[in-house]
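What follows is the content of protein32.cif, which has mmCIF, C-alpha atoms and all ligand atoms:
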```
data_start
#
loop_
_atom_site.label_atom_id
_atom_site.label_comp_id
_atom_site.auth_asym_id
_atom_site.auth_seq_id
_atom_site.Cartn_x
_atom_site.Cartn_y
_atom_site.Cartn_z
CA MET A 1 26.01 5.98 -54.74
CA ALA A 2 26.25 3.28 -52.03
CA ARG A 3 23.73 0.53 -52.80
CA VAL A 4 22.21 -2.50 -51.14
CA GLN A 5 21.30 -5.29 -53.59
CA ASN A 6 19.03 -7.26 -51.30
CA TRP A 7 17.14 -5.59 -48.48
CA VAL A 8 15.30 -8.75 -47.40
CA PRO A 9 17.83 -9.93 -44.75
CA VAL A 10 18.07 -6.39 -43.36
CA VAL A 11 14.29 -6.03 -43.04
CA GLU A 12 14.08 -9.55 -41.66
CA ALA A 13 16.48 -8.47 -38.88
CA ALA A 14 14.50 -5.24 -38.34
CA THR A 15 11.30 -7.19 -37.85
CA ARG A 16 12.89 -9.28 -35.08
CA ALA A 17 12.48 -6.10 -32.97
CA PRO A 18 10.28 -6.43 -29.91
CA SER A 19 6.99 -4.55 -30.16
CA ILE A 20 4.20 -3.84 -27.73
CA HIS A 21 1.87 -6.90 -27.78
CA ASN A 22 3.90 -8.06 -30.81
CA THR A 23 1.77 -5.76 -32.97
CA GLN A 24 4.73 -5.20 -35.36
CA PRO A 25 3.43 -1.72 -36.19
CA TRP A 26 5.86 -1.03 -39.03
CA ARG A 27 6.20 -0.89 -42.77
CA PHE A 28 9.29 -0.28 -44.85
CA THR A 29 10.09 1.15 -48.26
CA ALA A 30 13.51 0.27 -49.68
CA ALA A 31 15.35 2.10 -52.45
CA PRO A 32 18.89 1.03 -53.42
CA ASP A 33 20.52 3.56 -51.08
CA ARG A 34 18.01 3.81 -48.22
CA LEU A 35 15.33 2.21 -46.13
CA GLU A 36 12.35 4.31 -45.04
CA VAL A 37 10.60 3.25 -41.84
CA PHE A 38 6.94 4.06 -41.22
CA LEU A 39 4.46 3.56 -38.39
CA ASP A 40 1.57 1.36 -39.54
CA THR A 41 -1.36 2.92 -37.70
CA SER A 42 -3.71 0.18 -38.90
CA ARG A 43 -2.08 -2.04 -36.26
CA GLY A 44 -2.73 0.36 -33.39
CA LEU A 45 -3.75 -0.24 -29.78
CA PRO A 46 -6.33 2.51 -29.25
CA THR A 47 -6.92 1.69 -25.57
CA LEU A 48 -3.40 0.97 -24.37
CA ASP A 49 -1.42 3.28 -26.63
CA PRO A 50 -3.67 5.96 -28.16
CA THR A 51 -0.73 8.28 -28.94
CA HIS A 52 1.25 5.36 -30.49
CA ARG A 53 4.14 6.19 -28.13
CA GLN A 54 4.95 2.54 -27.40
CA GLN A 55 4.49 1.58 -31.03
CA VAL A 56 6.86 4.31 -32.21
CA ILE A 57 9.40 3.05 -29.65
CA SER A 58 8.93 -0.44 -31.16
CA CYS A 59 9.62 0.99 -34.64
CA GLY A 60 12.72 2.73 -33.23
CA VAL A 61 14.07 -0.68 -32.20
CA ALA A 62 13.43 -1.93 -35.74
CA VAL A 63 15.41 1.05 -37.13
CA GLU A 64 18.37 0.14 -34.91
CA PHE A 65 18.22 -3.56 -35.77
CA ALA A 66 18.29 -2.61 -39.48
CA LEU A 67 21.39 -0.49 -38.86
CA VAL A 68 23.12 -3.32 -36.99
CA ALA A 69 22.24 -5.78 -39.77
CA LEU A 70 23.61 -3.41 -42.41
CA ARG A 71 26.93 -2.90 -40.59
CA SER A 72 27.41 -6.63 -40.05
CA ALA A 73 26.78 -7.15 -43.79
CA GLY A 74 29.50 -4.62 -44.71
CA HIS A 75 27.52 -1.38 -45.22
CA GLU A 76 28.05 1.88 -43.37
CA ALA A 77 24.77 3.71 -42.78
CA GLU A 78 23.32 6.63 -40.89
CA VAL A 79 19.86 7.32 -39.57
CA GLU A 80 17.80 10.48 -40.04
CA VAL A 81 15.00 10.58 -37.53
CA GLY A 82 11.81 12.38 -38.56
CA GLY A 83 11.90 14.88 -41.36
CA ALA A 84 10.43 14.48 -44.79
CA GLU A 85 10.33 11.16 -46.55
CA VAL A 86 13.06 11.18 -49.19
CA GLY A 87 11.50 11.53 -52.63
CA GLY A 88 8.09 10.67 -51.22
CA ALA A 89 4.79 12.46 -51.11
CA GLY A 90 5.19 13.31 -47.43
CA ASP A 91 3.65 10.97 -44.93
CA ASP A 92 2.86 11.80 -41.32
CA ASP A 93 3.72 8.27 -40.30
CA HIS A 94 7.23 8.42 -41.72
CA LEU A 95 9.56 7.93 -38.73
CA ALA A 96 13.10 7.54 -40.03
CA THR A 97 15.40 7.01 -43.00
CA VAL A 98 18.31 4.59 -42.79
CA ARG A 99 20.70 5.83 -45.49
CA VAL A 100 23.56 3.69 -46.78
CA THR A 101 26.69 5.82 -47.00
CA GLY A 102 29.46 3.44 -48.10
CA PRO A 103 31.30 0.20 -47.31
CA HIS A 104 32.06 -0.88 -43.76
CA GLU A 105 34.53 -3.48 -42.48
CA PRO A 106 32.47 -5.48 -39.95
CA THR A 107 34.13 -5.80 -36.54
CA GLY A 108 33.73 -8.60 -34.00
CA ALA A 109 31.42 -6.28 -32.03
CA ASP A 110 29.23 -5.72 -35.13
CA GLN A 111 28.90 -9.49 -35.59
CA ALA A 112 28.13 -10.06 -31.89
CA LEU A 113 25.29 -7.50 -32.01
CA ALA A 114 23.91 -9.04 -35.22
CA THR A 115 23.94 -12.50 -33.60
CA ALA A 116 22.13 -11.05 -30.58
CA ILE A 117 19.23 -9.92 -32.84
CA VAL A 118 18.40 -13.60 -33.45
CA GLU A 119 19.05 -14.71 -29.87
CA ARG A 120 17.06 -11.98 -28.08
CA HIS A 121 13.63 -12.91 -26.74
CA THR A 122 11.43 -11.37 -24.07
CA ARG A 123 11.83 -13.60 -20.98
CA ARG A 124 8.94 -13.27 -18.57
CA ALA A 125 9.74 -16.27 -16.35
CA PRO A 126 11.43 -15.52 -13.01
CA PHE A 127 15.15 -14.93 -13.40
CA LEU A 128 17.88 -16.86 -11.56
CA PRO A 129 18.80 -15.44 -8.15
CA HIS A 130 22.10 -14.02 -9.45
CA ALA A 131 22.90 -10.31 -9.46
CA VAL A 132 23.43 -8.38 -12.71
CA PRO A 133 27.01 -7.04 -12.73
CA ASP A 134 27.38 -3.26 -12.21
CA GLU A 135 29.76 -3.28 -15.17
CA LEU A 136 26.92 -4.31 -17.50
CA LEU A 137 24.70 -1.50 -16.24
CA GLY A 138 27.52 0.91 -17.08
CA GLN A 139 27.71 -0.56 -20.59
CA LEU A 140 23.97 -0.06 -21.07
CA GLN A 141 24.27 3.60 -20.08
CA GLU A 142 27.13 4.00 -22.53
CA ALA A 143 25.11 2.29 -25.28
CA ALA A 144 22.06 4.56 -24.80
CA GLY A 145 23.87 7.88 -24.21
CA PRO A 146 24.60 8.72 -27.89
CA TYR A 147 20.83 8.67 -28.60
CA GLY A 148 20.12 11.25 -25.88
CA VAL A 149 18.55 8.51 -23.76
CA TRP A 150 19.31 7.93 -20.07
CA VAL A 151 19.33 4.55 -18.37
CA GLN A 152 18.72 4.61 -14.64
CA GLN A 153 18.77 1.62 -12.36
CA VAL A 154 16.08 1.53 -9.71
CA SER A 155 18.19 0.23 -6.86
CA GLU A 156 17.44 2.19 -3.70
CA THR A 157 14.91 0.46 -1.51
CA ASP A 158 12.59 3.47 -1.42
CA ALA A 159 12.56 3.86 -5.21
CA GLU A 160 12.01 0.11 -5.63
CA LEU A 161 9.02 0.21 -3.35
CA VAL A 162 7.55 3.23 -5.12
CA LEU A 163 7.98 1.68 -8.55
CA ALA A 164 6.80 -1.79 -7.51
CA HIS A 165 3.70 -0.19 -5.98
CA LEU A 166 2.98 1.89 -9.11
CA LEU A 167 3.35 -1.18 -11.32
CA ASP A 168 1.06 -3.18 -9.12
CA ARG A 169 -1.57 -0.44 -9.07
CA ALA A 170 -1.35 0.06 -12.82
CA GLU A 171 -1.70 -3.68 -13.45
CA ARG A 172 -4.80 -3.88 -11.26
CA ALA A 173 -6.35 -0.80 -12.87
CA GLU A 174 -5.76 -2.28 -16.32
CA GLN A 175 -7.16 -5.66 -15.35
CA SER A 176 -10.37 -4.03 -14.19
CA ASP A 177 -10.82 -2.16 -17.49
CA PRO A 178 -12.92 -4.24 -19.95
CA ALA A 179 -11.59 -2.32 -22.98
CA TYR A 180 -7.99 -3.05 -21.94
CA ARG A 181 -8.79 -6.72 -21.41
CA ALA A 182 -10.56 -7.02 -24.76
CA GLU A 183 -7.61 -5.42 -26.57
CA LEU A 184 -5.09 -7.65 -24.77
CA GLU A 185 -7.16 -10.73 -25.55
CA SER A 186 -7.32 -9.78 -29.24
CA TRP A 187 -3.49 -9.93 -29.40
CA LEU A 188 -3.14 -13.19 -27.44
CA ARG A 189 -2.50 -16.26 -29.65
CA THR A 190 -3.11 -19.92 -28.87
CA ASP A 191 -1.29 -20.97 -32.06
CA PRO A 192 2.46 -20.92 -31.23
CA ASP A 193 3.20 -20.33 -34.95
CA ALA A 194 0.97 -17.25 -35.26
CA PRO A 195 2.72 -14.51 -37.26
CA ASP A 196 1.88 -11.77 -34.73
CA GLY A 197 0.49 -11.27 -31.23
CA VAL A 198 1.71 -12.84 -28.01
CA PRO A 199 1.60 -16.66 -27.93
CA VAL A 200 0.30 -18.16 -24.68
CA THR A 201 3.47 -20.27 -24.64
CA ALA A 202 5.50 -17.06 -24.14
CA VAL A 203 3.70 -15.93 -21.01
CA PRO A 204 3.92 -17.48 -17.54
CA ALA A 205 1.28 -20.12 -16.88
CA ASP A 206 1.53 -19.40 -13.14
CA ASP A 207 -0.22 -16.39 -11.65
CA PRO A 208 2.26 -13.46 -11.82
CA ALA A 209 0.75 -12.12 -8.59
CA ALA A 210 1.90 -15.27 -6.74
CA ARG A 211 5.58 -14.96 -7.68
CA PRO A 212 8.27 -14.52 -5.04
CA THR A 213 9.25 -11.12 -6.44
CA ASN A 214 8.39 -7.45 -6.07
CA TRP A 215 7.98 -6.99 -9.78
CA THR A 216 4.54 -7.59 -11.27
CA VAL A 217 4.84 -8.71 -14.89
CA ARG A 218 1.95 -7.92 -17.21
CA ASP A 219 -0.66 -10.66 -16.91
CA PHE A 220 -1.64 -11.67 -20.43
CA LEU A 221 -3.96 -14.42 -19.19
CA VAL A 222 -6.11 -12.24 -16.98
CA GLY A 223 -9.62 -13.64 -16.86
CA ARG A 224 -8.52 -16.94 -18.43
CA ARG A 225 -6.61 -18.39 -15.53
CA THR A 226 -8.39 -20.57 -12.99
CA ARG A 227 -6.73 -19.85 -9.68
CA GLN A 228 -5.12 -22.91 -8.13
CA PRO A 229 -5.12 -23.16 -4.34
CA ALA A 230 -1.58 -22.51 -3.05
CA ALA A 231 0.39 -25.70 -2.34
CA PRO A 232 0.74 -26.35 1.39
CA VAL A 233 4.14 -25.21 2.73
CA ALA A 234 5.81 -27.16 5.53
CA ASP A 235 7.73 -25.20 8.18
CA ASP A 236 11.04 -26.73 7.13
CA ASP A 237 10.52 -26.22 3.37
CA PRO A 238 13.26 -23.95 1.98
CA PRO A 239 11.90 -20.58 0.79
CA PRO A 240 11.50 -20.35 -3.00
CA PRO A 241 14.46 -18.73 -4.75
CA VAL A 242 13.90 -15.01 -5.09
CA GLU A 243 14.83 -13.55 -8.45
CA ARG A 244 17.23 -10.65 -8.42
CA PRO A 245 16.61 -8.70 -11.61
CA ALA A 246 18.12 -5.29 -12.18
CA VAL A 247 15.22 -2.98 -12.97
CA VAL A 248 16.07 -0.07 -15.23
CA LEU A 249 14.24 2.92 -16.60
CA LEU A 250 15.04 4.47 -19.96
CA GLY A 251 14.02 8.07 -20.50
CA THR A 252 14.35 11.08 -22.74
CA ALA A 253 14.40 14.87 -22.33
CA GLY A 254 11.60 15.39 -24.88
CA ASP A 255 8.37 13.49 -25.32
CA ASP A 256 7.52 13.69 -29.01
CA ARG A 257 7.79 11.25 -31.91
CA PRO A 258 11.49 11.87 -32.63
CA ALA A 259 12.24 11.34 -28.91
CA TRP A 260 10.26 8.08 -28.99
CA VAL A 261 12.17 6.86 -32.07
CA GLN A 262 15.45 7.65 -30.31
CA ALA A 263 14.22 5.87 -27.17
CA GLY A 264 13.48 2.81 -29.31
CA ARG A 265 16.90 2.94 -30.98
CA ALA A 266 18.60 3.11 -27.59
CA LEU A 267 16.37 0.30 -26.31
CA GLY A 268 17.43 -1.79 -29.31
CA ARG A 269 21.13 -1.24 -28.53
CA VAL A 270 20.61 -1.93 -24.82
CA LEU A 271 18.79 -5.19 -25.56
CA LEU A 272 21.49 -6.36 -27.95
CA VAL A 273 24.32 -5.50 -25.54
CA LEU A 274 22.71 -7.37 -22.66
CA THR A 275 21.80 -10.33 -24.89
CA ALA A 276 25.38 -10.53 -26.17
CA ALA A 277 26.50 -10.60 -22.50
CA GLY A 278 24.31 -13.68 -21.92
CA MET A 279 21.46 -11.91 -20.12
CA ALA A 280 17.79 -11.45 -20.86
CA ALA A 281 15.12 -8.81 -20.28
CA SER A 282 11.42 -8.25 -20.15
CA PRO A 283 9.62 -4.92 -20.30
CA LEU A 284 7.19 -3.97 -17.51
CA THR A 285 5.40 -1.05 -19.04
CA GLN A 286 2.04 -1.13 -17.25
CA ALA A 287 2.94 1.96 -15.20
CA LEU A 288 3.79 3.85 -18.40
CA ASP A 289 0.59 2.96 -20.27
CA TRP A 290 -1.53 5.65 -18.59
CA PRO A 291 -0.59 9.34 -18.48
CA ALA A 292 -1.56 9.59 -14.78
CA THR A 293 0.76 6.78 -13.55
CA ARG A 294 3.49 7.98 -15.89
CA THR A 295 3.34 11.48 -14.41
CA ARG A 296 3.13 10.05 -10.92
CA MET A 297 6.30 8.08 -11.56
CA ARG A 298 8.16 11.18 -12.74
CA VAL A 299 7.21 12.97 -9.57
CA ASP A 300 7.66 10.13 -7.07
CA LEU A 301 11.03 9.06 -8.47
CA SER A 302 12.18 12.67 -9.16
CA LEU A 303 12.98 11.78 -12.76
CA VAL A 304 14.52 14.38 -15.04
CA GLY A 305 12.62 14.10 -18.31
CA HIS A 306 10.17 11.45 -19.46
CA PRO A 307 10.28 7.72 -18.66
CA GLN A 308 9.85 5.66 -21.85
CA MET A 309 10.60 2.07 -20.80
CA ILE A 310 10.81 -0.04 -17.63
CA MET A 311 12.62 -3.38 -17.86
CA ARG A 312 13.69 -6.30 -15.72
CA ILE A 313 17.12 -7.60 -16.65
CA GLY A 314 18.58 -10.84 -15.36
CA TRP A 315 19.96 -14.30 -15.93
CA SER A 316 17.68 -16.99 -17.24
CA SER A 317 18.15 -20.71 -17.70
CA ALA A 318 14.65 -21.21 -19.11
CA GLN A 319 14.25 -22.19 -22.74
CA PRO A 320 13.37 -19.01 -24.67
CA THR A 321 10.14 -18.84 -26.66
CA ARG A 322 10.46 -17.48 -30.18
CA THR A 323 7.43 -15.39 -31.10
CA GLY A 324 6.18 -15.14 -34.67
CA ARG A 325 6.78 -12.39 -37.19
CA ARG A 326 4.89 -11.42 -40.31
CA PRO A 327 6.74 -12.32 -43.53
CA VAL A 328 9.00 -9.62 -44.91
CA ALA A 329 6.93 -9.49 -48.12
CA GLU A 330 4.00 -8.21 -46.07
CA VAL A 331 5.88 -5.21 -44.68
CA LEU A 332 8.42 -4.29 -47.40
CA ARG A 333 7.83 -2.32 -50.57
CA THR A 334 10.78 -1.88 -52.93
CA VAL A 335 11.22 1.11 -55.26
CA ASP A 336 14.01 1.96 -57.73
C1 LIG B 1 7.40 -0.63 -26.04
C2 LIG B 1 7.24 -2.06 -25.57
C3 LIG B 1 6.49 -2.34 -24.43
C4 LIG B 1 6.36 -3.66 -23.98
N1 LIG B 1 5.67 -3.90 -22.81
C5 LIG B 1 5.61 -5.16 -22.32
C6 LIG B 1 4.99 -5.42 -21.05
O1 LIG B 1 4.51 -4.52 -20.37
N2 LIG B 1 4.98 -6.70 -20.61
C7 LIG B 1 5.53 -7.74 -21.33
O2 LIG B 1 5.49 -8.87 -20.86
N3 LIG B 1 6.10 -7.52 -22.54
C8 LIG B 1 6.16 -6.27 -23.04
N4 LIG B 1 6.79 -6.03 -24.24
C9 LIG B 1 7.39 -7.17 -24.99
C10 LIG B 1 6.51 -7.61 -26.16
O3 LIG B 1 5.35 -8.26 -25.71
C11 LIG B 1 7.38 -8.54 -27.04
O4 LIG B 1 8.42 -7.79 -27.58
C12 LIG B 1 6.61 -9.19 -28.18
O5 LIG B 1 5.64 -10.06 -27.68
C13 LIG B 1 7.55 -9.97 -29.13
O6 LIG B 1 8.26 -10.97 -28.44
P1 LIG B 1 9.85 -10.99 -28.39
O7 LIG B 1 10.30 -9.74 -27.69
O8 LIG B 1 10.19 -12.22 -27.57
O9 LIG B 1 10.37 -11.07 -29.78
C14 LIG B 1 6.95 -4.72 -24.70
C15 LIG B 1 7.70 -4.44 -25.86
C16 LIG B 1 7.86 -3.12 -26.29
C17 LIG B 1 8.71 -2.83 -27.48
#
```

Using structure tokens, write down the structure that the file contains.
Ligand SMILES: Cc1cc2nc3c(=O)[nH]c(=O)nc-3n(C[C@H](O)[C@H](O)[C@H](O)COP(=O)(O)O)c2cc1C
Amino acid sequence: MARVQNWVPVVEAATRAPSIHNTQPWRFTAAPDRLEVFLDTSRGLPTLDPTHRQQVISCGVAVEFALVALRSAGHEAEVEVGGAEVGGAGDDDHLATVRVTGPHEPTGADQALATAIVERHTRRAPFLPHAVPDELLGQLQEAAGPYGVWVQQVSETDAELVLAHLLDRAERAEQSDPAYRAELESWLRTDPDAPDGVPVTAVPADDPAARPTNWTVRDFLVGRRTRQPAAPVADDDPPPPVERPAVVLLGTAGDDRPAWVQAGRALGRVLLVLTAAGMAASPLTQALDWPATRTRMRVDLSLVGHPQMIMRIGWSSAQPTRTGRRPVAEVLRTVD
């Protein structure tokens, strides 16, 4: 039987996964030959994510990061999504089993992806005004395809306008909802070393609505920011640089828990590939939070299947902010 002596580094890598509001909604059980991944519903977002769709996607990323960490450490492994927990009592929140199948000779690509786990951070600041190469977008589609997940760039002007408008509307609707604001606030952290939640240092201090861009990022400081009067602009001042992110949608044919896990796994791969290529990303999921805007997006953009993620991708020179994670001991249980 293929065995892993020490699961801690693998779970440590898994927990570097991005998660909605940095809720880290996962727990793990490790046996020598496998790692079971569960959704931790006690860390839910009942207003924003009542079905746990975005949290299951987050756990899917953690599954993929565990797989990448295993391969770079010399273990071949495969993932079973859904199904019964191996040897367990059956748990509705069991999402996937990562089973170690034998030795693996790590390649340069395996090592590059493992390095990208540590380097990846959500970058919400405006990107540099440089275009994302078409070649990279092709690589992202290739990376997601094996999981049954499509990656579609929103590049036509009409589609951009539709999506930018939906995001803007969704952001405003959310900001006017006291329950949404209370939930967001409860996951915002003033301590930069907090083990979970979104640190204020990781979100733009400027008003996202005032950015020279079409793309409204989620405003984590809504209600806390005192609006500054706009600085006077002289006629001969150069216009501010306009960021040129690629905006991509990831989607699936189905819309159930296994599809969400697969969407998360593909998202994990996509994030690592673009990080290894020197780029950065930030999700813009406001328009997917509510069933009505999500359906509207499917119709208005003529999408085949179900959108699961919207992301800006671009080049960034800003210093990344590392967000906290709970210690591995808090999320890992080991059995023989
Ligand atoms: C499913 C999902 C949805 C997310 N939605 C947003 C979003 O709408 N806006 C945003 O700024 N960040 C979003 N994030 C990023 C998380 O806030 C981020 O992953 C978390 O704070 C941890 O930070 P890190 O990614 O830098 O490690 C999302 C992440 C996931 C996995």

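Neighbours of ligand LIG 1 (chain B) at a cut-off of 7 Å, computed so that all atoms listed in the file are counted, are the residues Arg16, Ala17, Pro18, Ser19, Ile20, His21, Asn22, Gln54, Gln55, Ile57, Ser58, Arg120, His121, Thr122, Arg123, Arg124, Gly197, Val198, Val217, Arg218, Ser282, Pro283, Leu284, Thr285, Gln286, Met309, Thr321, Arg322 and Thr323 of chain A.
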
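Among the candidate residues A:Arg172, A:Asp289, A:Pro307, A:Ala125, the one lying nearest to Pro50 in chain A is A:Asp289, with distances computed using all atoms listed in the file.
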
Point to revise | Surrounding residues of Val261 in chain A excluding itself and chain neighbours under 6 positions, 8 Å, all atoms listed in the file, as a list in words | key: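 Once the adjacent positions are removed, what remains is Val56, Ile57, Cys59, Gly60, Val61, Val81 and Leu95 of chain A.
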
Quick one: contact table of range 127-210 of chain A to range 219-223 of chain A, 10 Å max, nearest atom pair and distance in Å to one decimal per residue, counting only C-alpha atoms, chain and number order, as a tab-separated table?
```
residue	atom	partner	partner_atom	distance
A:Glu171	CA	A:Asp219	CA	7.9
A:Arg172	CA	A:Asp219	CA	9.7
A:Glu174	CA	A:Asp219	CA	9.8
A:Gln175	CA	A:Val222	CA	6.9
A:Ser176	CA	A:Val222	CA	9.7
A:Arg181	CA	A:Val222	CA	7.6
A:Leu184	CA	A:Phe220	CA	6.8
A:Glu185	CA	A:Phe220	CA	7.6
A:Trp187	CA	A:Phe220	CA	9.3
A:Leu188	CA	A:Phe220	CA	7.3
A:Val198	CA	A:Phe220	CA	8.4
A:Pro199	CA	A:Phe220	CA	9.6
A:Val200	CA	A:Leu221	CA	7.9
A:Ala202	CA	A:Phe220	CA	9.7
A:Val203	CA	A:Phe220	CA	6.9
A:Pro204	CA	A:Asp219	CA	8.2
A:Ala205	CA	A:Leu221	CA	8.1
A:Asp206	CA	A:Leu221	CA	9.6
A:Asp207	CA	A:Asp219	CA	7.8
A:Pro208	CA	A:Asp219	CA	6.5
A:Ala209	CA	A:Asp219	CA	8.6
```

Exercise for review: Have a look at CA of Phe127 in chain A and CA of Arg298 in chain A and let me know their distance in Å, one decimal.
Suggested key: 27.0 Å

Study note, to complete from the structure: Judged by only C-alpha atoms, the minimum distance to Thr252 in chain A among A:Val149, A:Leu271, A:Val98, A:Ala109 is found for A:Val149

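Counting all atoms listed in the file and comparing A:Leu250, A:Ala318, A:Ala96, A:Ala210, the residue that lies closest to Glu64 in chain A is A:Ala96.
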
Review point. Taking all atoms listed in the file into account, which of A:Glu160, A:Glu243, A:Glu80, A:Glu12 comes nearest Ala114 in chain A?
Key: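 Looking only at the distances to Ala114 in chain A, the closest residue turns out to be A:Glu12.
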
Practice item. Mind checking which residues fall within 6 Å of range 67-74 of chain A, counting only C-alpha atoms, ignoring those fewer than 3 positions away in the same chain, and posting them as a ChimeraX atom specification? Key: /A:10,64,103-106,110-111,114

Practice item. Would you kindly identify which residues have an atom no farther than 9 Å from (17.2, 11.9, -23.3), using all atoms listed in the file and the file's own coordinates, and write them out as a PyMOL selection string? Key: chain A and resi 144-145+147-150+250-254+259+262-263+305-306

For the residues selected in the previous step, produce a file with C-alpha atoms as a compact mmCIF listing (two decimals), keeping the file's coordinate frame.
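Everything below was put into result.txt:
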```txt
# COMPACT_ATOMS: atom_id res chain seq x y z
CA ALA A 144 22.06 4.56 -24.80
CA GLY A 145 23.87 7.88 -24.21
CA TYR A 147 20.83 8.67 -28.60
CA GLY A 148 20.12 11.25 -25.88
CA VAL A 149 18.55 8.51 -23.76
CA TRP A 150 19.31 7.93 -20.07
CA LEU A 250 15.04 4.47 -19.96
CA GLY A 251 14.02 8.07 -20.50
CA THR A 252 14.35 11.08 -22.74
CA ALA A 253 14.40 14.87 -22.33
CA GLY A 254 11.60 15.39 -24.88
CA ALA A 259 12.24 11.34 -28.91
CA GLN A 262 15.45 7.65 -30.31
CA ALA A 263 14.22 5.87 -27.17
CA GLY A 305 12.62 14.10 -18.31
CA HIS A 306 10.17 11.45 -19.46
```

Point to revise | Asp196 in chain A surroundings by all atoms listed in the file, 7 Å radius, close-in-sequence under 5 positions cut, as a ChimeraX atom specification | key: /A:22-23,324-326

Could you save those same residues with C-alpha atoms as a tab-separated table (two decimals), keeping the file's coordinate frame?
```
chain	number	residue	atom	x	y	z
A	22	ASN	CA	3.90	-8.06	-30.81
A	23	THR	CA	1.77	-5.76	-32.97
A	324	GLY	CA	6.18	-15.14	-34.67
A	325	ARG	CA	6.78	-12.39	-37.19
A	326	ARG	CA	4.89	-11.42	-40.31
```

Review point. So what do you get for CA of Ala77 in chain A versus CA of Thr275 in chain A, distance-wise?
Key: 22.9 Å

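Among A:Leu267, A:Val11, A:Ala116, A:Leu332, the residue with the shortest atom-to-atom distance to Glu142 in chain A, counting only C-alpha atoms, is A:Leu267.
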
**Study point:** Residue contacts of Glu119 in chain A (9 Å, only C-alpha atoms) excluding same-chain residues fewer than 5 positions away, as an NGL selection string
**Key:** :A and (272 or 275-276 or 320)

Practice item. Report the distance between CA of Ser316 in chain A and CA of His130 in chain A in Å, rounded to one decimal place. Key: 9.4 Å

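Omitting Leu163 in chain A and its sequence neighbours fewer than 4 positions away, and counting only C-alpha atoms, the residues within 9 Å are A:Val154, A:Asp158, A:Ala159, A:Leu167, A:Asp168, A:Trp215, A:Ala287, A:Met297, A:Asp300, A:Leu301.
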
Point to revise | Option closest in space to Gly278 in chain A, from A:Thr216, A:Thr15, A:Thr293, A:Thr115 [counting all atoms listed in the file] | key: A:Thr115

Please define a box with edges along x, y and z of the file around all atoms of range 16-29 of chain A given in the file, extend it by 3 Å on each side, and return its centre and edge lengths in Å to one decimal, as AutoDock Vina command-line options.
```
--center_x 7.3 --center_y -4.1 --center_z -38.0 --size_x 17.1 --size_y 16.4 --size_z 26.5
```
